[in-house]
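Engineer: Below is a structure I'd like to ask you about.
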Amino acid sequence: MQEPTIGRIVHYFMSETGSVRAAIIVKVNDDDTVNLAAWTRDGVQLPVVGVKQGSEYGQWNWPPRV
């Protein structure tokens with residue numbers, strides 16, 4: 001099982017429609033959440049705080065292995 005660490009690239013589920021964006025873990029919190037730097041498709045950086053791992057709106061997960 002992968003452990004979240006600072007600098008890892010993840011997917012952030014940005015909207016209820018399933019929009020997935022690239023993000024980087026910038027902090028691992030004590031409550032098993034992470035803080036992310038995510039980007040819109042236009043390249044605008046968004047700070048996202050206290051994100052739980054999962055595959056639903058507002059959560060993050062590892063990119064699938066190809």
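Within each chain, counting starts at residue 1; across the structure tokens, chains are named A, B, ... in the order shown, with ligands numbered 1 upward in that order.
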Could you give me, as a PyMOL selection string, the residues within 12 Å of Arg41 of chain A, counting only C-alpha atoms and dropping anything in the same chain fewer than 5 positions from it?
Structural biologist: chain A and resi 14+19-23+46
Engineer: Which residues, written as a list of chain:residue names, have at least one atom at most 8 Å from segment 32-40 of chain A, with only C-alpha atoms counted and residues fewer than 3 positions away on the same chain left out?
Structural biologist: A:Pro4, A:Tyr12, A:Arg21, A:Ala22, A:Ala23, A:Ile24, A:Ile25, A:Val26, A:Lys27, A:Val28, A:Asn29, A:Gly43, A:Val44, A:Gln45, A:Leu46, A:Pro47, A:Val48, A:Val49, A:Gly50, A:Val51, A:Lys52, A:Gln53
Engineer: For atom CA of Gly7 of chain A and atom CA of Val66 of chain A, determine how far apart the two atoms are, in Å to one decimal place.
Structural biologist: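 For atom CA of Gly7 of chain A relative to atom CA of Val66 of chain A, the distance reads 20.4 Å.
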Engineer: Write down as a ChimeraX atom specification the residues belonging to chain A that are assigned strand (DSSP E) by DSSP computed on the backbone.
Structural biologist: /A:9-13,20-28,34-39,45-51,60-61
